[in-house]
>>> print(open('protein-v6.txt').read())   # compact mmCIF, C-alpha atoms
# COMPACT_ATOMS: atom_id res chain seq x y z
CA CYS X 24 92.68 97.16 95.74
CA ASP X 25 92.94 100.69 97.15
CA SER X 26 92.99 102.63 93.89
CA PRO X 27 89.57 103.76 92.61
CA GLU X 28 91.06 103.96 89.10
CA GLU X 29 91.92 100.27 88.95
CA LEU X 30 89.41 97.49 88.30
CA GLU X 31 89.46 94.20 90.16
CA PHE X 32 87.80 91.17 88.60
CA ALA X 33 88.92 88.63 91.20
CA GLU X 34 85.74 88.97 93.26
CA VAL X 35 83.30 89.46 90.37
CA CYS X 36 81.67 86.43 88.80
CA PHE X 37 80.63 86.11 85.14
CA PRO X 38 79.36 82.53 84.95
CA ALA X 39 78.39 82.62 81.24
CA LEU X 40 81.19 84.82 79.82
CA THR X 41 83.11 83.19 76.97
CA ARG X 42 84.99 86.14 75.46
CA LEU X 43 86.61 89.10 77.23
CA THR X 44 88.48 92.07 75.74
CA LEU X 45 90.02 94.71 78.02
CA SER X 46 91.65 97.79 76.51
CA CYS X 47 93.08 100.98 78.02
CA VAL X 48 92.02 100.24 81.59
CA GLY X 49 93.85 99.94 84.90
CA LEU X 50 93.73 96.61 86.72
CA CYS X 51 94.65 95.76 90.29
CA SER X 52 95.37 92.23 89.15
CA ILE X 53 94.70 89.92 86.25
CA THR X 54 92.73 87.18 87.94
CA PHE X 55 90.51 84.98 85.83
CA THR X 56 89.86 81.51 87.14
CA GLU X 57 87.19 78.84 87.22
CA ALA X 58 85.75 80.66 90.23
CA ASN X 59 84.88 83.94 88.45
CA THR X 60 84.93 83.18 84.68
CA PRO X 61 84.47 79.41 84.38
CA LEU X 62 83.51 79.37 80.66
CA LEU X 63 86.03 81.92 79.35
CA GLN X 64 87.53 80.79 76.03
CA ASP X 65 89.11 83.95 74.57
CA LEU X 66 90.99 86.62 76.52
CA SER X 67 92.46 89.78 75.00
CA LEU X 68 94.37 92.49 76.87
CA SER X 69 95.60 95.78 75.41
CA ASN X 70 97.23 98.80 77.04
CA ILE X 71 96.59 97.59 80.58
CA GLY X 72 97.83 99.87 83.35
CA GLY X 73 97.72 99.76 87.12
CA SER X 74 99.28 97.39 89.63
CA VAL X 75 98.56 94.28 87.52
CA CYS X 76 99.64 92.02 90.36
CA PRO X 77 99.19 89.14 90.73
CA PHE X 78 98.67 87.57 87.32
CA ARG X 79 96.62 84.42 87.75
CA LEU X 80 94.82 82.39 85.11
CA ALA X 81 93.26 79.02 85.82
CA LEU X 82 90.70 78.47 83.09
CA PRO X 83 89.61 75.00 81.99
CA ASP X 84 88.26 76.15 78.59
CA LEU X 85 90.57 79.00 77.57
CA ARG X 86 91.64 78.57 73.93
CA THR X 87 93.27 81.89 72.95
CA PHE X 88 95.11 84.56 74.92
CA ASP X 89 96.33 87.79 73.30
CA ALA X 90 98.15 90.62 75.09
CA GLU X 91 99.84 93.81 73.93
CA HIS X 92 101.36 96.99 75.37
CA SER X 93 101.00 95.81 78.96
CA MET X 94 103.31 95.03 81.87
CA LEU X 95 102.94 92.65 84.80
CA GLY X 96 103.75 93.50 88.39
CA GLU X 97 105.42 90.91 90.57
CA ARG X 98 106.16 90.26 94.24
CA ALA X 99 108.28 87.45 95.61
CA ILE X 100 105.18 85.34 96.25
CA ASP X 101 104.18 85.79 92.59
CA ALA X 102 107.37 84.25 91.19
CA GLY X 103 106.55 81.97 88.28
CA GLN X 104 103.07 83.41 87.86
CA PHE X 105 103.13 83.67 84.07
CA GLY X 106 104.25 80.11 83.40
CA LEU X 107 101.95 78.79 86.10
CA SER X 108 98.99 80.63 84.59
CA LEU X 109 99.55 79.14 81.15
CA SER X 110 99.98 75.70 82.70
CA ARG X 111 96.64 76.07 84.49
CA CYS X 112 94.83 76.49 81.17
CA PRO X 113 95.08 72.95 79.74
CA LYS X 114 93.11 73.70 76.55
CA LEU X 115 95.03 76.87 75.63
CA GLU X 116 96.04 76.63 71.97
CA HIS X 117 97.26 80.09 70.94
CA PHE X 118 99.20 82.76 72.82
CA LYS X 119 100.06 85.96 70.95
CA SER X 120 101.73 89.01 72.45
CA TYR X 121 103.38 92.27 71.47
CA LYS X 122 105.22 94.30 74.09
CA PHE X 123 103.74 92.18 76.87
CA ARG X 124 106.54 92.97 79.30
CA CYS X 125 107.98 91.90 82.65
CA LEU X 126 106.74 88.32 82.50
CA GLY X 127 109.34 87.38 85.10
CA ASP X 128 112.66 85.71 85.80
CA ILE X 129 111.16 82.31 86.63
CA ASN X 130 108.74 80.69 84.21
CA TYR X 131 108.23 76.96 83.91
CA CYS X 132 105.22 75.63 82.04
CA VAL X 133 103.54 72.56 80.59
CA LEU X 134 101.30 73.22 77.61
CA PRO X 135 99.43 70.09 76.49
CA SER X 136 97.29 71.84 73.85
CA MET X 137 99.43 74.82 72.80
CA LYS X 138 99.93 75.14 69.03
CA SER X 139 101.44 78.59 68.59
CA MET X 140 103.20 81.18 70.77
CA ASN X 141 104.46 84.68 70.00
CA PHE X 142 106.57 86.78 72.38
CA HIS X 143 107.30 89.75 70.08
CA ARG X 144 109.20 92.48 71.99
CA SER X 145 108.63 90.89 75.40
CA GLU X 146 111.06 93.13 77.26
CA CYS X 147 112.18 92.36 80.83
CA THR X 148 111.34 88.68 80.43
CA THR X 149 114.43 86.60 81.16
CA HIS X 150 113.25 83.03 81.62
CA LEU X 151 110.84 80.67 79.89
CA ASP X 152 111.30 76.92 80.28
CA ILE X 153 108.64 74.94 78.42
CA LEU X 154 108.86 71.44 79.85
CA ASN X 155 106.37 69.85 77.49
CA ALA X 156 104.26 71.11 74.58
CA PRO X 157 103.45 68.14 72.33
CA GLN X 158 101.15 70.10 69.98
CA LEU X 159 103.39 73.14 69.52
CA THR X 160 104.17 73.87 65.85
CA SER X 161 105.15 77.55 65.95
CA ILE X 162 106.94 79.81 68.41
CA SER X 163 108.37 83.30 67.85
CA LEU X 164 110.75 85.19 70.14
CA GLN X 165 111.16 88.12 67.76
CA ALA X 166 113.08 90.96 69.45
CA ALA X 167 112.66 89.34 72.91
CA TYR X 168 116.34 90.07 73.46
CA GLU X 169 116.46 89.67 77.24
CA LEU X 170 115.04 86.17 77.03
CA GLY X 171 118.24 84.98 75.40
CA ASP X 172 119.66 81.84 77.00
CA GLY X 173 116.73 81.80 79.41
CA PHE X 174 114.50 80.15 76.81
CA LYS X 175 114.30 76.37 76.73
CA LEU X 176 111.95 74.02 74.91
CA ARG X 177 112.02 70.50 76.25
CA ASN X 178 110.28 67.21 75.63
CA LEU X 179 109.40 65.83 79.06
CA PRO X 180 106.18 63.80 78.62
CA ASN X 181 105.85 63.11 82.33
CA ALA X 182 105.97 66.78 83.33
CA ASP X 183 102.67 68.18 84.60
CA LEU X 184 101.31 71.09 86.63
CA ALA X 185 102.67 69.58 89.84
CA THR X 186 106.13 69.49 88.25
CA VAL X 187 105.91 73.21 87.53
CA GLU X 188 104.74 74.01 91.05
CA ASN X 189 107.53 71.92 92.60
CA LEU X 190 110.21 73.58 90.44
CA ILE X 191 109.05 77.04 91.43
CA LYS X 192 108.93 76.07 95.10
CA ALA X 193 112.43 74.57 94.98
CA ARG X 194 113.87 77.62 93.23
CA SER X 195 112.18 79.98 95.67
CA GLU X 196 113.58 78.06 98.64
CA ALA X 197 117.08 78.06 97.11
CA GLU X 198 116.96 81.83 96.55
CA LYS X 199 115.76 82.42 100.12
CA LYS X 200 118.63 80.28 101.43
CA ALA X 201 121.10 82.25 99.31
CA ARG X 202 119.75 85.58 100.57
CA ASN X 203 120.07 84.42 104.17
CA ALA X 204 123.64 83.29 103.55
CA ALA X 205 124.48 86.64 101.94
CA THR X 206 123.08 88.50 104.94
CA ILE X 207 125.16 86.39 107.35
CA GLU X 208 128.31 87.00 105.32
CA ASP X 209 127.61 90.72 105.11
CA ASN X 210 127.20 90.89 108.88
CA ARG X 211 130.45 88.98 109.39
CA TRP X 212 132.45 91.48 107.36
CA ARG X 213 130.93 94.36 109.32
CA ASP X 214 131.85 92.92 112.71
CA GLN X 215 134.38 95.46 114.02
CA SER X 216 135.10 93.32 117.06
CA ASN X 217 136.82 90.91 114.69
CA VAL X 218 138.69 93.50 112.63
CA LYS X 219 142.13 91.87 113.00
CA ALA X 220 140.99 88.53 111.61
CA LEU X 221 138.99 90.26 108.87
CA THR X 222 142.01 92.36 107.91
CA LYS X 223 144.16 89.23 107.54
CA GLU X 224 141.50 87.56 105.43
CA ALA X 225 140.97 90.66 103.27
CA ILE X 226 144.74 90.87 102.64
CA ARG X 227 144.84 87.18 101.74
CA ARG X 228 141.98 87.73 99.31
CA GLN X 229 143.91 90.73 97.90
CA TRP X 230 141.03 93.07 98.63
CA ILE X 231 143.30 95.51 100.48
CA GLU X 232 147.02 96.28 100.67
CA ASP X 233 149.28 94.68 103.29
CA ASP X 234 149.51 97.87 105.36
CA ASP X 235 145.75 98.63 105.28
CA THR X 236 143.13 97.86 107.91
CA TRP X 237 139.81 96.35 106.95
CA GLU X 238 136.78 98.61 107.25
CA ILE X 239 133.40 99.01 105.53
CA THR X 240 132.08 102.48 104.80
CA ALA X 241 129.39 101.50 102.30
CA THR X 242 125.74 101.40 103.29
CA ARG X 243 124.50 97.99 104.38
CA GLN X 244 123.01 96.02 101.51
CA ASP X 245 119.44 94.84 102.08
CA PHE X 246 119.50 91.40 100.47
CA SER X 247 115.74 91.07 100.87
CA ASP X 248 115.08 94.15 98.70
CA GLY X 249 112.55 93.29 96.05
CA PHE X 250 111.50 90.11 97.81
CA SER X 251 108.70 91.36 100.04
CA GLU X 252 105.98 88.76 100.46
CA GLU X 253 103.32 91.31 101.34
>>> encode(input="protein-v6.txt", output="structure tokens")
Amino acid sequence: CDSPEELEFAEVCFPALTRLTLSCVGLCSITFTEANTPLLQDLSLSNIGGSVCPFRLALPDLRTFDAEHSMLGERAIDAGQFGLSLSRCPKLEHFKSYKFRCLGDINYCVLPSMKSMNFHRSECTTHLDILNAPQLTSISLQAAYELGDGFKLRNLPNADLATVENLIKARSEAEKKARNAATIEDNRWRDQSNVKALTKEAIRRQWIEDDDTWEITATRQDFSDGFSEE
């Protein structure tokens, strides 16, 4: 992390830490795993600023996770990071949030021990697909308006962490294929050496009038925008 105002816990080890509360601090990332906080059971985040990217939890003993007034960053390689993080905490029982925003557009998870979840005012979160949560008794999506149809609660007993990882991989590959196809199509319509054929096709599609000639004056669309893997 290049910013001196942002903390980075990924390379700091607290082998005996069981409870952690962070409030009003900047974080390069939220990285708490068996490697740096192996005994962590309770995690609370409030008013977290900074890059906050990636978000990675993988904690064998985590029981509760609370977060408020914070926002996650995300790169293409971080797609699915929220759902993956919950899935990598097999003993997690309670998740409570308020204005914990930008949790992503791809979130699959399996939650074998989860009992309650609260996503109050989770803006800019559009997808949450819980494949299996056999202990879940309470879930609140209060004012999480953008989640909408993107929320699903399923009963798939055979789903596990590998299932989540495979779903994210398959979706990522499909989106990459679609972006490549869009770039090829964009290039085709900009090929001025083929303007006669493009004009005929554009007229057939009723994009232009019969006496018009096809041309593109708009700036080229970068279909990879927002998908940098750096």
>>> closest_residue(input="protein-v6.txt", among="X:Leu170, X:Leu159, X:Ala225, X:Cys112", to="X:Gly127", atoms="all atoms listed in the file")
X:Leu170
>>> residues_around(input="protein-v6.txt", residues="X:Glu29", least_positions_apart="4", cutoff="9 Å", atoms="only C-alpha atoms", output="PyMOL selection string")
chain X and resi 24-25+48-52+72-74
>>> atom_distance(input="protein-v6.txt", atom1="atom CA of X:Asp84", atom2="atom CA of X:Ser46")
22.0 Å
>>> closest_residue(input="protein-v6.txt", among="X:Asn210, X:Gln229, X:Thr160, X:Ser120", to="X:Glu146", atoms="only C-alpha atoms")
X:Ser120
>>> residues_near_point(input="protein-v6.txt", point="(137.6, 95.4, 107.1)", cutoff="7 Å", atoms="all atoms listed in the file", output="short mmCIF file (atom, residue, chain, number, x, y, z; two decimals) with C-alpha atoms, keeping the file's coordinate frame")
data_model
loop_
_atom_site.label_atom_id
_atom_site.label_comp_id
_atom_site.auth_asym_id
_atom_site.auth_seq_id
_atom_site.Cartn_x
_atom_site.Cartn_y
_atom_site.Cartn_z
CA TRP X 212 132.45 91.48 107.36
CA VAL X 218 138.69 93.50 112.63
CA LEU X 221 138.99 90.26 108.87
CA THR X 222 142.01 92.36 107.91
CA ALA X 225 140.97 90.66 103.27
CA THR X 236 143.13 97.86 107.91
CA TRP X 237 139.81 96.35 106.95
CA GLU X 238 136.78 98.61 107.25
CA ILE X 239 133.40 99.01 105.53
#
